[in-house]
$ cat query28.cif   # mmCIF, C-alpha atoms and all ligand atoms
data_data
loop_
_atom_site.label_atom_id
_atom_site.label_comp_id
_atom_site.auth_asym_id
_atom_site.auth_seq_id
_atom_site.Cartn_x
_atom_site.Cartn_y
_atom_site.Cartn_z
CA MET G 1 0.00 0.00 0.00
CA LYS G 2 1.11 3.56 -0.75
CA ARG G 3 2.59 5.38 2.27
CA ILE G 4 2.52 9.15 2.76
CA LYS G 5 5.25 11.31 4.27
CA THR G 6 4.19 14.24 6.42
CA GLY G 7 5.76 17.21 8.20
CA ILE G 8 4.33 19.03 11.22
CA ILE G 9 4.93 22.75 11.82
CA GLY G 10 4.36 23.70 15.47
CA THR G 11 4.59 20.99 18.13
CA GLY G 12 2.86 22.55 21.14
CA PHE G 13 -0.39 21.22 22.61
CA VAL G 14 -2.17 20.21 19.43
CA GLY G 15 0.86 19.54 17.18
CA THR G 16 1.88 16.61 19.36
CA VAL G 17 -1.67 15.24 19.22
CA HIS G 18 -1.48 15.39 15.40
CA ILE G 19 1.71 13.28 15.56
CA ASP G 20 -0.04 10.72 17.77
CA ALA G 21 -3.14 10.59 15.56
CA LEU G 22 -1.09 10.19 12.37
CA ARG G 23 0.81 7.28 13.82
CA ARG G 24 -2.48 5.55 14.52
CA LEU G 25 -3.47 5.76 10.84
CA GLY G 26 -0.70 3.34 9.98
CA PHE G 27 0.02 4.55 6.43
CA VAL G 28 1.45 8.00 7.28
CA ASP G 29 5.07 8.59 8.35
CA VAL G 30 5.83 11.79 10.23
CA VAL G 31 9.28 12.46 8.80
CA ALA G 32 9.92 16.04 9.98
CA VAL G 33 8.93 18.69 12.49
CA ALA G 34 9.55 22.44 12.42
CA GLU G 35 9.56 24.68 15.45
CA ALA G 36 10.14 28.33 16.31
CA ASN G 37 13.87 27.64 16.73
CA GLU G 38 16.45 24.92 16.11
CA GLU G 39 16.83 23.88 19.75
CA LEU G 40 13.10 23.34 20.30
CA ALA G 41 12.79 21.52 16.97
CA GLN G 42 15.62 19.14 17.92
CA LYS G 43 14.10 18.50 21.33
CA LYS G 44 10.64 17.74 19.93
CA ALA G 45 12.05 15.53 17.17
CA SER G 46 13.98 13.58 19.76
CA ASP G 47 11.02 13.35 22.20
CA PHE G 48 8.77 11.98 19.44
CA PHE G 49 11.35 9.89 17.53
CA ILE G 50 11.04 11.94 14.34
CA PRO G 51 14.03 11.81 11.96
CA ARG G 52 14.29 15.45 10.83
CA ALA G 53 14.08 18.74 12.79
CA TYR G 54 13.91 22.22 11.29
CA GLY G 55 14.24 25.54 13.10
CA ASN G 56 12.62 27.26 10.14
CA TYR G 57 9.24 26.21 8.70
CA GLN G 58 10.26 26.99 5.11
CA ASP G 59 13.00 24.35 5.28
CA LEU G 60 10.42 21.71 6.24
CA ILE G 61 8.15 22.80 3.39
CA ASN G 62 11.11 22.62 0.96
CA ASP G 63 12.06 19.10 2.10
CA PRO G 64 11.42 17.05 -1.07
CA ASP G 65 10.32 14.00 0.97
CA VAL G 66 7.47 15.86 2.66
CA GLN G 67 4.21 15.42 0.73
CA VAL G 68 1.68 16.80 3.23
CA VAL G 69 2.20 19.60 5.76
CA HIS G 70 0.21 20.27 8.95
CA ASN G 71 0.17 23.80 10.33
CA CYS G 72 -0.25 23.65 14.13
CA THR G 73 1.07 27.13 14.97
CA PRO G 74 -0.76 30.01 16.69
CA ASN G 75 -3.51 31.75 14.68
CA HIS G 76 -1.49 34.79 13.52
CA LEU G 77 0.88 32.48 11.60
CA HIS G 78 -1.78 30.56 9.68
CA LEU G 79 -1.94 32.87 6.64
CA GLU G 80 1.83 33.19 6.22
CA ILE G 81 2.65 29.52 6.73
CA ASN G 82 -0.38 28.09 4.91
CA THR G 83 0.39 30.31 1.92
CA ALA G 84 3.98 29.01 1.84
CA ILE G 85 2.75 25.39 2.01
CA ILE G 86 0.26 25.90 -0.82
CA GLN G 87 2.77 27.76 -2.99
CA ALA G 88 5.10 24.79 -2.64
CA GLY G 89 2.27 22.63 -4.07
CA LYS G 90 1.92 20.43 -0.97
CA HIS G 91 -1.34 19.09 0.42
CA ILE G 92 -2.26 20.96 3.58
CA PHE G 93 -3.99 20.31 6.89
CA SER G 94 -4.33 23.49 8.96
CA GLU G 95 -5.43 24.06 12.49
CA LYS G 96 -8.49 26.20 13.09
CA PRO G 97 -9.40 29.02 12.83
CA LEU G 98 -8.28 29.02 9.20
CA GLY G 99 -7.47 32.76 9.19
CA MET G 100 -7.59 35.68 11.62
CA ASN G 101 -10.61 36.94 9.62
CA ARG G 102 -12.62 36.07 6.51
CA PHE G 103 -10.30 38.00 4.17
CA GLU G 104 -7.32 35.89 5.22
CA SER G 105 -9.39 32.70 5.02
CA SER G 106 -10.70 33.57 1.57
CA LYS G 107 -7.15 34.07 0.24
CA MET G 108 -6.09 30.63 1.49
CA LEU G 109 -9.21 28.94 0.11
CA GLU G 110 -8.74 30.53 -3.29
CA LEU G 111 -5.06 29.62 -3.47
CA ALA G 112 -5.55 26.00 -2.36
CA GLU G 113 -8.37 25.46 -4.86
CA LYS G 114 -6.37 27.04 -7.68
CA ARG G 115 -3.47 24.67 -7.00
CA GLN G 116 -5.87 21.67 -6.79
CA LEU G 117 -4.53 20.63 -3.38
CA VAL G 118 -6.30 18.54 -0.77
CA HIS G 119 -7.03 21.00 2.04
CA GLY G 120 -8.38 20.34 5.52
CA VAL G 121 -9.10 22.35 8.67
CA ASN G 122 -9.22 20.72 12.07
CA PHE G 123 -12.82 21.19 13.15
CA ASN G 124 -12.46 17.79 14.78
CA TYR G 125 -15.65 17.68 16.89
CA ARG G 126 -17.71 16.92 13.79
CA MET G 127 -15.74 13.68 13.48
CA TYR G 128 -17.10 11.99 16.62
CA PRO G 129 -18.95 8.87 15.41
CA LEU G 130 -22.15 9.95 17.17
CA VAL G 131 -22.00 13.41 15.57
CA GLN G 132 -21.69 11.77 12.14
CA ASP G 133 -24.49 9.38 13.09
CA MET G 134 -26.71 12.27 14.22
CA LYS G 135 -25.99 14.06 10.93
CA HIS G 136 -27.19 11.00 8.98
CA ARG G 137 -30.30 10.61 11.19
CA ILE G 138 -31.20 14.24 10.46
CA GLN G 139 -30.58 13.73 6.73
CA LYS G 140 -32.86 10.65 6.82
CA GLY G 141 -35.64 12.77 8.40
CA GLU G 142 -35.75 11.13 11.87
CA LEU G 143 -35.66 14.50 13.67
CA GLY G 144 -38.19 16.07 11.32
CA LYS G 145 -37.91 19.76 10.50
CA VAL G 146 -35.16 21.57 12.42
CA ASN G 147 -37.06 24.08 14.58
CA LEU G 148 -34.59 25.20 17.26
CA ILE G 149 -30.88 24.83 17.94
CA HIS G 150 -29.09 25.74 21.15
CA GLY G 151 -26.02 24.97 23.21
CA SER G 152 -22.75 26.24 24.58
CA TYR G 153 -19.01 25.72 24.81
CA LEU G 154 -17.65 26.44 28.29
CA GLN G 155 -14.10 26.18 29.66
CA ASP G 156 -12.24 27.35 32.77
CA TRP G 157 -8.58 27.39 31.73
CA LEU G 158 -8.56 31.25 31.71
CA PHE G 159 -10.43 31.51 35.04
CA TYR G 160 -7.67 33.21 37.08
CA GLU G 161 -6.35 36.68 36.30
CA THR G 162 -2.87 35.09 36.23
CA ASP G 163 -3.92 32.74 33.40
CA TYR G 164 -2.22 33.92 30.24
CA ASN G 165 -1.84 32.52 26.72
CA TRP G 166 -1.16 33.96 23.24
CA ARG G 167 -4.89 33.52 22.43
CA ILE G 168 -5.64 36.45 24.77
CA GLU G 169 -3.80 39.01 22.64
CA PRO G 170 -5.68 39.98 19.43
CA LYS G 171 -2.43 40.35 17.48
CA TYR G 172 -1.83 36.59 17.97
CA GLY G 173 -5.34 35.19 18.40
CA GLY G 174 -7.52 37.48 16.27
CA ALA G 175 -10.10 40.20 16.92
CA THR G 176 -12.19 37.74 18.91
CA ARG G 177 -11.00 35.12 21.39
CA ALA G 178 -13.71 32.90 22.96
CA ILE G 179 -15.88 33.14 19.84
CA GLY G 180 -13.07 32.52 17.32
CA ASP G 181 -11.29 29.93 19.46
CA ILE G 182 -14.22 27.78 20.62
CA GLY G 183 -17.44 29.37 19.28
CA SER G 184 -16.04 28.47 15.84
CA HIS G 185 -16.25 24.76 16.79
CA TRP G 186 -19.87 25.17 17.93
CA CYS G 187 -20.85 26.86 14.65
CA ASP G 188 -19.15 24.12 12.63
CA LEU G 189 -21.02 21.50 14.64
CA ALA G 190 -24.35 23.30 14.17
CA GLN G 191 -23.95 23.58 10.40
CA THR G 192 -22.55 20.05 9.99
CA LEU G 193 -25.38 18.44 11.95
CA THR G 194 -28.29 20.32 10.41
CA GLY G 195 -26.85 20.77 6.91
CA LEU G 196 -28.15 24.34 7.23
CA LYS G 197 -26.15 27.57 7.10
CA ILE G 198 -26.23 30.17 9.86
CA THR G 199 -27.47 33.26 8.03
CA GLU G 200 -27.75 35.97 10.70
CA VAL G 201 -26.36 36.69 14.17
CA PHE G 202 -26.94 39.07 17.09
CA ALA G 203 -24.14 39.02 19.65
CA ASN G 204 -23.10 40.32 23.03
CA LEU G 205 -19.45 39.78 24.02
CA SER G 206 -17.83 40.72 27.31
CA THR G 207 -14.40 40.83 28.88
CA VAL G 208 -14.98 39.84 32.48
CA ILE G 209 -11.30 40.06 33.49
CA PRO G 210 -10.19 43.43 32.03
CA VAL G 211 -6.58 43.26 33.27
CA ARG G 212 -4.52 40.06 33.48
CA LYS G 213 -1.23 39.37 35.18
CA LYS G 214 1.29 37.89 32.77
CA SER G 215 4.15 35.98 34.35
CA LYS G 216 7.65 37.22 33.60
CA ILE G 217 8.96 33.74 34.54
CA VAL G 218 9.22 31.39 31.59
CA GLU G 219 9.89 28.14 33.48
CA THR G 220 6.75 26.06 33.19
CA PHE G 221 6.55 24.66 36.72
CA SER G 222 8.16 27.40 38.80
CA GLU G 223 6.24 27.91 42.07
CA ASN G 224 5.97 30.53 44.86
CA ARG G 225 5.79 33.48 42.52
CA GLU G 226 5.95 37.01 44.00
CA PRO G 227 3.60 39.84 42.88
CA THR G 228 6.61 41.47 41.17
CA ASP G 229 7.00 38.38 38.99
CA TYR G 230 4.00 39.52 36.96
CA GLU G 231 3.31 42.38 34.55
CA GLU G 232 -0.23 43.73 34.18
CA ILE G 233 -1.69 43.68 30.69
CA PRO G 234 -5.04 45.20 29.61
CA ILE G 235 -7.34 42.66 27.91
CA HIS G 236 -9.24 43.44 24.72
CA SER G 237 -10.54 39.97 23.90
CA GLU G 238 -13.78 38.50 25.25
CA ASP G 239 -14.07 35.90 28.03
CA TRP G 240 -17.76 35.42 27.25
CA GLY G 241 -19.99 35.61 24.21
CA ALA G 242 -23.72 35.07 23.75
CA VAL G 243 -25.08 34.83 20.22
CA LEU G 244 -28.62 34.62 18.85
CA ILE G 245 -28.64 32.92 15.46
CA ARG G 246 -30.97 32.29 12.52
CA LEU G 247 -30.59 29.35 10.14
CA GLU G 248 -31.33 29.36 6.44
CA ASN G 249 -34.62 27.44 6.93
CA GLY G 250 -35.87 30.15 9.32
CA ALA G 251 -35.08 28.16 12.51
CA SER G 252 -33.89 30.16 15.52
CA GLY G 253 -31.09 29.36 17.89
CA VAL G 254 -28.69 30.58 20.53
CA PHE G 255 -25.25 29.61 21.79
CA TYR G 256 -22.91 30.97 24.42
CA VAL G 257 -19.22 30.50 25.13
CA SER G 258 -17.01 31.15 28.14
CA GLN G 259 -13.41 30.51 29.10
CA ILE G 260 -13.87 31.48 32.76
CA SER G 261 -16.58 29.08 34.00
CA ALA G 262 -14.99 27.23 36.94
CA GLY G 263 -15.41 23.48 36.59
CA ARG G 264 -16.25 23.51 32.90
CA LYS G 265 -13.31 22.05 30.96
CA CYS G 266 -14.36 21.31 27.42
CA TYR G 267 -18.13 21.47 27.80
CA LEU G 268 -19.24 21.66 24.17
CA ASN G 269 -22.87 20.72 23.87
CA ILE G 270 -25.64 21.09 21.33
CA GLU G 271 -29.36 20.38 21.22
CA ILE G 272 -31.46 20.33 18.09
CA ASP G 273 -35.22 20.35 18.56
CA GLY G 274 -37.06 19.02 15.53
CA SER G 275 -40.71 18.53 14.61
CA ASN G 276 -40.52 14.76 15.48
CA GLN G 277 -37.98 14.58 18.33
CA SER G 278 -34.92 16.28 19.86
CA PHE G 279 -31.23 15.29 19.81
CA TYR G 280 -28.65 16.37 22.40
CA TRP G 281 -24.91 15.64 22.48
CA ASN G 282 -22.17 16.75 24.88
CA GLN G 283 -18.55 16.13 23.90
CA GLU G 284 -17.50 15.45 27.54
CA GLU G 285 -19.77 12.39 27.33
CA GLY G 286 -19.27 12.01 23.62
CA ASP G 287 -20.05 8.30 23.49
CA ARG G 288 -23.77 8.81 24.01
CA MET G 289 -26.53 10.95 22.59
CA TRP G 290 -29.91 11.82 24.06
CA ILE G 291 -33.09 11.45 22.07
CA GLY G 292 -36.06 13.35 23.47
CA TYR G 293 -39.73 12.57 22.75
CA ARG G 294 -43.06 14.21 23.62
CA ASN G 295 -45.11 11.04 23.96
CA GLN G 296 -42.72 8.25 24.91
CA PRO G 297 -39.79 7.85 27.31
CA ASN G 298 -36.60 9.66 26.34
CA THR G 299 -33.64 7.44 25.44
CA TYR G 300 -29.85 7.49 25.50
CA PHE G 301 -28.13 5.91 22.52
CA MET G 302 -24.70 4.60 23.52
CA ARG G 303 -22.14 4.46 20.72
CA ASP G 304 -22.25 0.92 19.41
CA PRO G 305 -20.60 0.16 16.07
CA ASN G 306 -23.35 -2.24 15.04
CA GLN G 307 -26.10 0.31 15.53
CA LEU G 308 -24.43 3.31 13.92
CA ASP G 309 -25.36 4.47 10.45
CA PRO G 310 -23.19 2.33 8.08
CA LYS G 311 -21.66 5.52 6.63
CA CYS G 312 -19.89 6.31 9.92
CA ARG G 313 -18.90 2.85 11.16
CA GLY G 314 -15.40 3.40 9.73
CA TYR G 315 -14.84 6.04 12.41
CA VAL G 316 -15.15 3.54 15.26
CA LEU G 317 -12.44 1.23 16.52
CA ALA G 318 -13.76 -0.19 19.78
CA PRO G 319 -17.01 -1.98 20.63
CA GLY G 320 -19.70 -0.13 22.60
CA GLY G 321 -18.80 0.59 26.23
CA HIS G 322 -15.11 1.08 25.42
CA PRO G 323 -14.85 4.89 25.52
CA GLU G 324 -13.60 6.84 22.51
CA GLY G 325 -13.30 10.60 22.57
CA TRP G 326 -11.36 13.73 21.71
CA LEU G 327 -8.15 12.02 20.57
CA ASP G 328 -10.19 9.70 18.37
CA SER G 329 -12.09 12.61 16.80
CA LEU G 330 -8.78 14.08 15.61
CA LYS G 331 -7.70 10.66 14.34
CA ASN G 332 -11.00 10.44 12.45
CA SER G 333 -10.51 13.90 10.89
CA LEU G 334 -7.10 12.81 9.68
CA LEU G 335 -8.31 9.39 8.52
CA ALA G 336 -10.93 11.04 6.29
CA TYR G 337 -8.48 13.70 5.12
CA TYR G 338 -5.68 11.23 4.26
CA ARG G 339 -8.09 8.96 2.40
CA ALA G 340 -8.72 12.00 0.21
CA VAL G 341 -4.95 12.56 -0.17
CA LEU G 342 -4.49 8.94 -1.27
CA ASP G 343 -7.08 9.51 -3.98
CA ALA G 344 -6.27 13.19 -4.59
CA LYS G 345 -7.33 13.27 -8.26
CA ASN G 346 -10.82 12.02 -7.51
CA SER G 347 -11.38 13.75 -4.19
CA ILE G 348 -10.89 17.38 -5.28
CA ASN G 349 -14.25 19.21 -5.49
CA LYS G 350 -16.09 16.52 -3.48
CA LYS G 351 -17.73 17.38 -0.14
CA PRO G 352 -16.02 15.15 2.43
CA ASP G 353 -16.85 14.44 6.09
CA TYR G 354 -13.79 16.36 7.37
CA ALA G 355 -13.78 20.17 7.30
CA THR G 356 -12.10 21.81 4.30
CA PHE G 357 -10.84 25.35 3.71
CA GLN G 358 -14.35 26.06 2.35
CA ASP G 359 -15.71 25.30 5.84
CA GLY G 360 -12.84 27.26 7.41
CA TYR G 361 -13.76 30.28 5.29
CA ASP G 362 -17.45 29.88 6.08
CA ILE G 363 -16.82 29.83 9.82
CA SER G 364 -14.55 32.91 9.52
CA CYS G 365 -17.48 34.75 7.87
CA ILE G 366 -19.72 33.88 10.84
CA VAL G 367 -17.08 34.89 13.41
CA ASP G 368 -16.53 38.26 11.67
CA ALA G 369 -20.30 38.88 11.60
CA ILE G 370 -20.51 38.13 15.34
CA VAL G 371 -17.84 40.76 16.06
CA GLU G 372 -19.61 43.27 13.82
CA SER G 373 -22.97 42.57 15.48
CA HIS G 374 -21.48 43.12 18.93
CA GLN G 375 -19.87 46.40 17.83
CA LYS G 376 -23.04 47.70 16.13
CA GLY G 377 -25.56 46.27 18.63
CA LYS G 378 -27.79 44.82 15.91
CA TRP G 379 -28.52 41.74 13.78
CA VAL G 380 -25.88 41.18 11.07
CA LYS G 381 -26.34 38.98 7.99
CA ILE G 382 -23.42 36.69 7.23
CA ALA G 383 -21.47 38.00 4.19
CA ARG G 384 -20.12 34.95 2.35
P1 LIG G 401 0.74 26.08 21.47
O1 LIG G 401 1.14 27.44 21.88
O2 LIG G 401 0.65 25.01 22.50
O3 LIG G 401 1.70 25.55 20.32
C1 LIG G 401 2.09 26.33 19.21
C2 LIG G 401 3.44 25.83 18.74
O4 LIG G 401 3.82 26.54 17.58
C3 LIG G 401 4.53 26.04 19.79
O5 LIG G 401 5.24 24.86 19.99
C4 LIG G 401 5.40 27.14 19.18
O6 LIG G 401 6.74 27.09 19.56
C5 LIG G 401 5.21 26.83 17.69
N1 LIG G 401 5.57 27.95 16.83
C6 LIG G 401 5.42 29.28 17.05
N2 LIG G 401 5.94 29.99 16.05
C7 LIG G 401 6.44 29.10 15.15
C8 LIG G 401 7.10 29.22 13.89
N3 LIG G 401 7.37 30.39 13.35
N4 LIG G 401 7.47 28.09 13.25
C9 LIG G 401 7.22 26.87 13.79
N5 LIG G 401 6.61 26.69 14.99
C10 LIG G 401 6.20 27.79 15.65
O7 LIG G 401 -0.66 26.26 20.72
P2 LIG G 401 -1.77 25.15 20.48
O8 LIG G 401 -2.69 25.12 21.63
O9 LIG G 401 -1.15 23.89 20.05
O10 LIG G 401 -2.58 25.82 19.25
C11 LIG G 401 -2.05 25.86 17.95
C12 LIG G 401 -3.19 26.01 16.94
O11 LIG G 401 -4.03 24.88 17.03
C13 LIG G 401 -4.10 27.21 17.17
O12 LIG G 401 -4.46 27.75 15.94
C14 LIG G 401 -5.31 26.64 17.89
O13 LIG G 401 -6.50 27.36 17.62
C15 LIG G 401 -5.39 25.25 17.32
N6 LIG G 401 -5.92 24.23 18.26
C16 LIG G 401 -6.94 23.43 17.85
C17 LIG G 401 -7.43 22.42 18.64
C18 LIG G 401 -8.55 21.57 18.16
O14 LIG G 401 -9.17 20.90 18.96
N7 LIG G 401 -8.85 21.56 16.87
C19 LIG G 401 -6.86 22.16 19.97
C20 LIG G 401 -5.79 23.07 20.32
C21 LIG G 401 -5.34 24.06 19.48
C1 LIG G 402 -8.37 26.27 23.91
O1 LIG G 402 -9.54 26.98 24.10
C2 LIG G 402 -8.61 25.06 23.02
O2 LIG G 402 -7.40 24.34 22.96
C3 LIG G 402 -9.03 25.45 21.60
O3 LIG G 402 -8.02 26.20 20.93
C4 LIG G 402 -9.38 24.19 20.81
O4 LIG G 402 -9.79 24.50 19.51
C5 LIG G 402 -10.45 23.39 21.56
O5 LIG G 402 -10.74 22.24 20.85
C6 LIG G 402 -10.00 23.06 22.95
O6 LIG G 402 -9.62 24.24 23.63
#
$ encode --input "query28.cif" --output "structure tokens"
Amino acid sequence: MKRIKTGIIGTGFVGTVHIDALRRLGFVDVVAVAEANEELAQKKASDFFIPRAYGNYQDLINDPDVQVVHNCTPNHLHLEINTAIIQAGKHIFSEKPLGMNRFESSKMLELAEKRQLVHGVNFNYRMYPLVQDMKHRIQKGELGKVNLIHGSYLQDWLFYETDYNWRIEPKYGGATRAIGDIGSHWCDLAQTLTGLKITEVFANLSTVIPVRKKSKIVETFSENREPTDYEEIPIHSEDWGAVLIRLENGASGVFYVSQISAGRKCYLNIEIDGSNQSFYWNQEEGDRMWIGYRNQPNTYFMRDPNQLDPKCRGYVLAPGGHPEGWLDSLKNSLLAYYRAVLDAKNSINKKPDYATFQDGYDISCIVDAIVESHQKGKWVKIAR
């Protein structure tokens, strides 16, 4: 069988998970990593047993062995690095959000399509088997007409004023933080499940912690910090966002996001209320979905390969009762993406299960409209 050679740019939190997921596919060899500098690149290559290390991303892209490149760097580097990957004619898998705004995302989409490359964006939550199953149930008409859609994505990793990360600063993360960082996943889920576009939004965003204390100490686990070990920085990105939405079939919805809700870690949940029944799914318990009825007892459907829609059985490894989750959703994104790479000639222009740059651009349009709505205090139609 044909094997594919891949390079990973950026090996922080998610870059290392990409390496792990690729190894599980079995037909992809991670042959190179690139990092912000030579020393870090060498360290990561050695930690993960990867043959080549580059302190400059362009050198990885130029490596003639590398056929596919993953961009796992912070948001402000996506346009620059993705453009370089595409210009080198290599297939590309980028982290989300695709661009810092819809103009950046549109440039990348246009370029990748022009060069006929296989492009993917890591909106991985859509690749949970039960999300794919729910999508097929809705397509088959089980839910009936989509009437309402609602949910949230809550986290607490920015709860303390001393919590700091590049995502907080708009020059690295983008004009919006909680919405662009995690609201983007919710919107992708909503559109994937219903097959309907979000057409209009009305948003209220707020920065609950207006000044944060950024540590001057770079050591990861240093303890007993003094007040003078921190510098105060004003915050211009939102901790919270609440968004009313309208879908293209006229259905109404609402979602809210927070990165300061103590106890909530990765609480991404969505409910779709249809004219026959309701579906609810929460990624922290991603192996089961709730089905709600008016005139019969509600049920929980536990992920069981034999009972899933045949179209999504390929995304399941273990029998029911053997939990699969977040790591598996990324593996599934990559499995679907690399199947398209293997058959690149026939997969261009087809709508796959994984998210493409087209989806990345679409979500950027929604995120931009949410910011505009908040600034103007009114409903904003999504400009696509
Ligand atoms: P991180 O800060 O943990 O890692 C970023 C890495 O990029 C670091 O190792 C850094 O040294 C490296 N880097 C910075 N500049 C570079 C350069 N010029 N060349 C090569 N490497 C460079 O960030 P994290 O959390 O891994 O996020 C990265 C991206 O992935 C973001 O866009 C984020 O939105 C996305 N993400 C997506 C997730 C998902 O579930 N789909 C999960 C986590 C992050
Ligand atoms: C931080 O909020 C983060 O890592 C996001 O960047 C990811 O996209 C999300 O999946 C998990 O949380």
$ atom_distance --input "query28.cif" --atom1 "CA of Ser237 (chain G)" --atom2 "CA of Val371 (chain G)"
10.7 Å
$ closest_residue --input "query28.cif" --among "G:Lys140, G:His119, G:His185, G:Arg52" --to "ligand LIG 401 (chain G)" --atoms "all atoms listed in the file"
G:His185
$ closest_residue --input "query28.cif" --among "G:Met289, G:Leu117, G:Met127, G:Ala178" --to "Lys345 (chain G)" --atoms "only C-alpha atoms"
G:Leu117
$ closest_residue --input "query28.cif" --among "G:Thr176, G:Gln155, G:Ser329, G:Ser46" --to "Gly99 (chain G)" --atoms "only C-alpha atoms"
G:Thr176
$ atom_distance --input "query28.cif" --atom1 "CA of Lys43 (chain G)" --atom2 "CA of Gly10 (chain G)"
12.5 Å
$ residues_near_ligand --input "query28.cif" --ligand "ligand LIG 402 (chain G)" --cutoff "10 Å" --atoms "all atoms listed in the file" --output "PyMOL selection string"
chain G and resi 13-14+74-75+95-97+122-125+153-158+165+167+173+177-185+258-259+265-268+326+330
$ residues_around --input "query28.cif" --residues "Val118 (chain G)" --least-positions-apart "4" --cutoff "12 Å" --atoms "all atoms listed in the file" --output "ChimeraX atom specification"
/G:67-70,85-86,89-94,109,111-114,334,336-352,354-358
$ closest_residue --input "query28.cif" --among "G:Arg126, G:Arg3, G:Lys135, G:Lys145" --to "ligand LIG 401 (chain G)" --atoms "only C-alpha atoms and all ligand atoms"
G:Arg126
$ closest_residue --input "query28.cif" --among "G:Glu238, G:Asp328, G:Asp304, G:Glu161" --to "ligand LIG 401 (chain G)" --atoms "all atoms listed in the file"
G:Asp328
$ atom_distance --input "query28.cif" --atom1 "atom P2 of ligand LIG 401 (chain G)" --atom2 "CA of Leu98 (chain G)"
13.6 Å
$ closest_residue --input "query28.cif" --among "G:Cys72, G:Ile50, G:Ile382, G:Ile370" --to "ligand LIG 401 (chain G)" --atoms "only C-alpha atoms and all ligand atoms"
G:Cys72
$ residues_around --input "query28.cif" --residues "region 273-286 of chain G" --least-positions-apart "3" --cutoff "10 Å" --atoms "all atoms listed in the file" --output "PyMOL selection string"
chain G and resi 125+128-131+134+137-138+141-153+251+253+264-270+289-295+298-300+302-303+323-326+329
$ write_last_selection --input "query28.cif" --atoms "C-alpha atoms" --output "mmCIF file, keeping the file's coordinate frame"
data_model
loop_
_atom_site.group_PDB
_atom_site.id
_atom_site.type_symbol
_atom_site.label_atom_id
_atom_site.label_comp_id
_atom_site.auth_asym_id
_atom_site.auth_seq_id
_atom_site.Cartn_x
_atom_site.Cartn_y
_atom_site.Cartn_z
ATOM 1 C CA TYR G 125 -15.650 17.680 16.890
ATOM 2 C CA TYR G 128 -17.100 11.990 16.620
ATOM 3 C CA PRO G 129 -18.950 8.870 15.410
ATOM 4 C CA LEU G 130 -22.150 9.950 17.170
ATOM 5 C CA VAL G 131 -22.000 13.410 15.570
ATOM 6 C CA MET G 134 -26.710 12.270 14.220
ATOM 7 C CA ARG G 137 -30.300 10.610 11.190
ATOM 8 C CA ILE G 138 -31.200 14.240 10.460
ATOM 9 C CA GLY G 141 -35.640 12.770 8.400
ATOM 10 C CA GLU G 142 -35.750 11.130 11.870
ATOM 11 C CA LEU G 143 -35.660 14.500 13.670
ATOM 12 C CA GLY G 144 -38.190 16.070 11.320
ATOM 13 C CA LYS G 145 -37.910 19.760 10.500
ATOM 14 C CA VAL G 146 -35.160 21.570 12.420
ATOM 15 C CA ASN G 147 -37.060 24.080 14.580
ATOM 16 C CA LEU G 148 -34.590 25.200 17.260
ATOM 17 C CA ILE G 149 -30.880 24.830 17.940
ATOM 18 C CA HIS G 150 -29.090 25.740 21.150
ATOM 19 C CA GLY G 151 -26.020 24.970 23.210
ATOM 20 C CA SER G 152 -22.750 26.240 24.580
ATOM 21 C CA TYR G 153 -19.010 25.720 24.810
ATOM 22 C CA ALA G 251 -35.080 28.160 12.510
ATOM 23 C CA GLY G 253 -31.090 29.360 17.890
ATOM 24 C CA ARG G 264 -16.250 23.510 32.900
ATOM 25 C CA LYS G 265 -13.310 22.050 30.960
ATOM 26 C CA CYS G 266 -14.360 21.310 27.420
ATOM 27 C CA TYR G 267 -18.130 21.470 27.800
ATOM 28 C CA LEU G 268 -19.240 21.660 24.170
ATOM 29 C CA ASN G 269 -22.870 20.720 23.870
ATOM 30 C CA ILE G 270 -25.640 21.090 21.330
ATOM 31 C CA MET G 289 -26.530 10.950 22.590
ATOM 32 C CA TRP G 290 -29.910 11.820 24.060
ATOM 33 C CA ILE G 291 -33.090 11.450 22.070
ATOM 34 C CA GLY G 292 -36.060 13.350 23.470
ATOM 35 C CA TYR G 293 -39.730 12.570 22.750
ATOM 36 C CA ARG G 294 -43.060 14.210 23.620
ATOM 37 C CA ASN G 295 -45.110 11.040 23.960
ATOM 38 C CA ASN G 298 -36.600 9.660 26.340
ATOM 39 C CA THR G 299 -33.640 7.440 25.440
ATOM 40 C CA TYR G 300 -29.850 7.490 25.500
ATOM 41 C CA MET G 302 -24.700 4.600 23.520
ATOM 42 C CA ARG G 303 -22.140 4.460 20.720
ATOM 43 C CA PRO G 323 -14.850 4.890 25.520
ATOM 44 C CA GLU G 324 -13.600 6.840 22.510
ATOM 45 C CA GLY G 325 -13.300 10.600 22.570
ATOM 46 C CA TRP G 326 -11.360 13.730 21.710
ATOM 47 C CA SER G 329 -12.090 12.610 16.800
#
$ closest_atom_pairs --input "query28.cif" --of "region 135-224 of chain G" --to "region 372-378 of chain G" --cutoff "12 Å" --atoms "all atoms listed in the file" --output "tab-separated table"
residue	atom	partner	partner_atom	distance
G:Ala175	CA	G:Glu372	CA	10.5
G:Thr176	CA	G:Glu372	CA	10.6
G:Ile179	CA	G:His374	CA	11.5
G:Glu200	CA	G:Ser373	CA	9.4
G:Val201	CA	G:Ser373	CA	6.9
G:Phe202	CA	G:Ser373	CA	5.5
G:Ala203	CA	G:His374	CA	4.9
G:Asn204	CA	G:His374	CA	5.2
G:Leu205	CA	G:His374	CA	6.4
G:Ser206	CA	G:His374	CA	9.5
$ axis_aligned_box --input "query28.cif" --around "region 322-331 of chain G" --padding-each-side "8 Å" --output "AutoDock Vina command-line options"
--center_x -11.4 --center_y 7.6 --center_z 19.9 --size_x 23.4 --size_y 29.0 --size_z 27.2
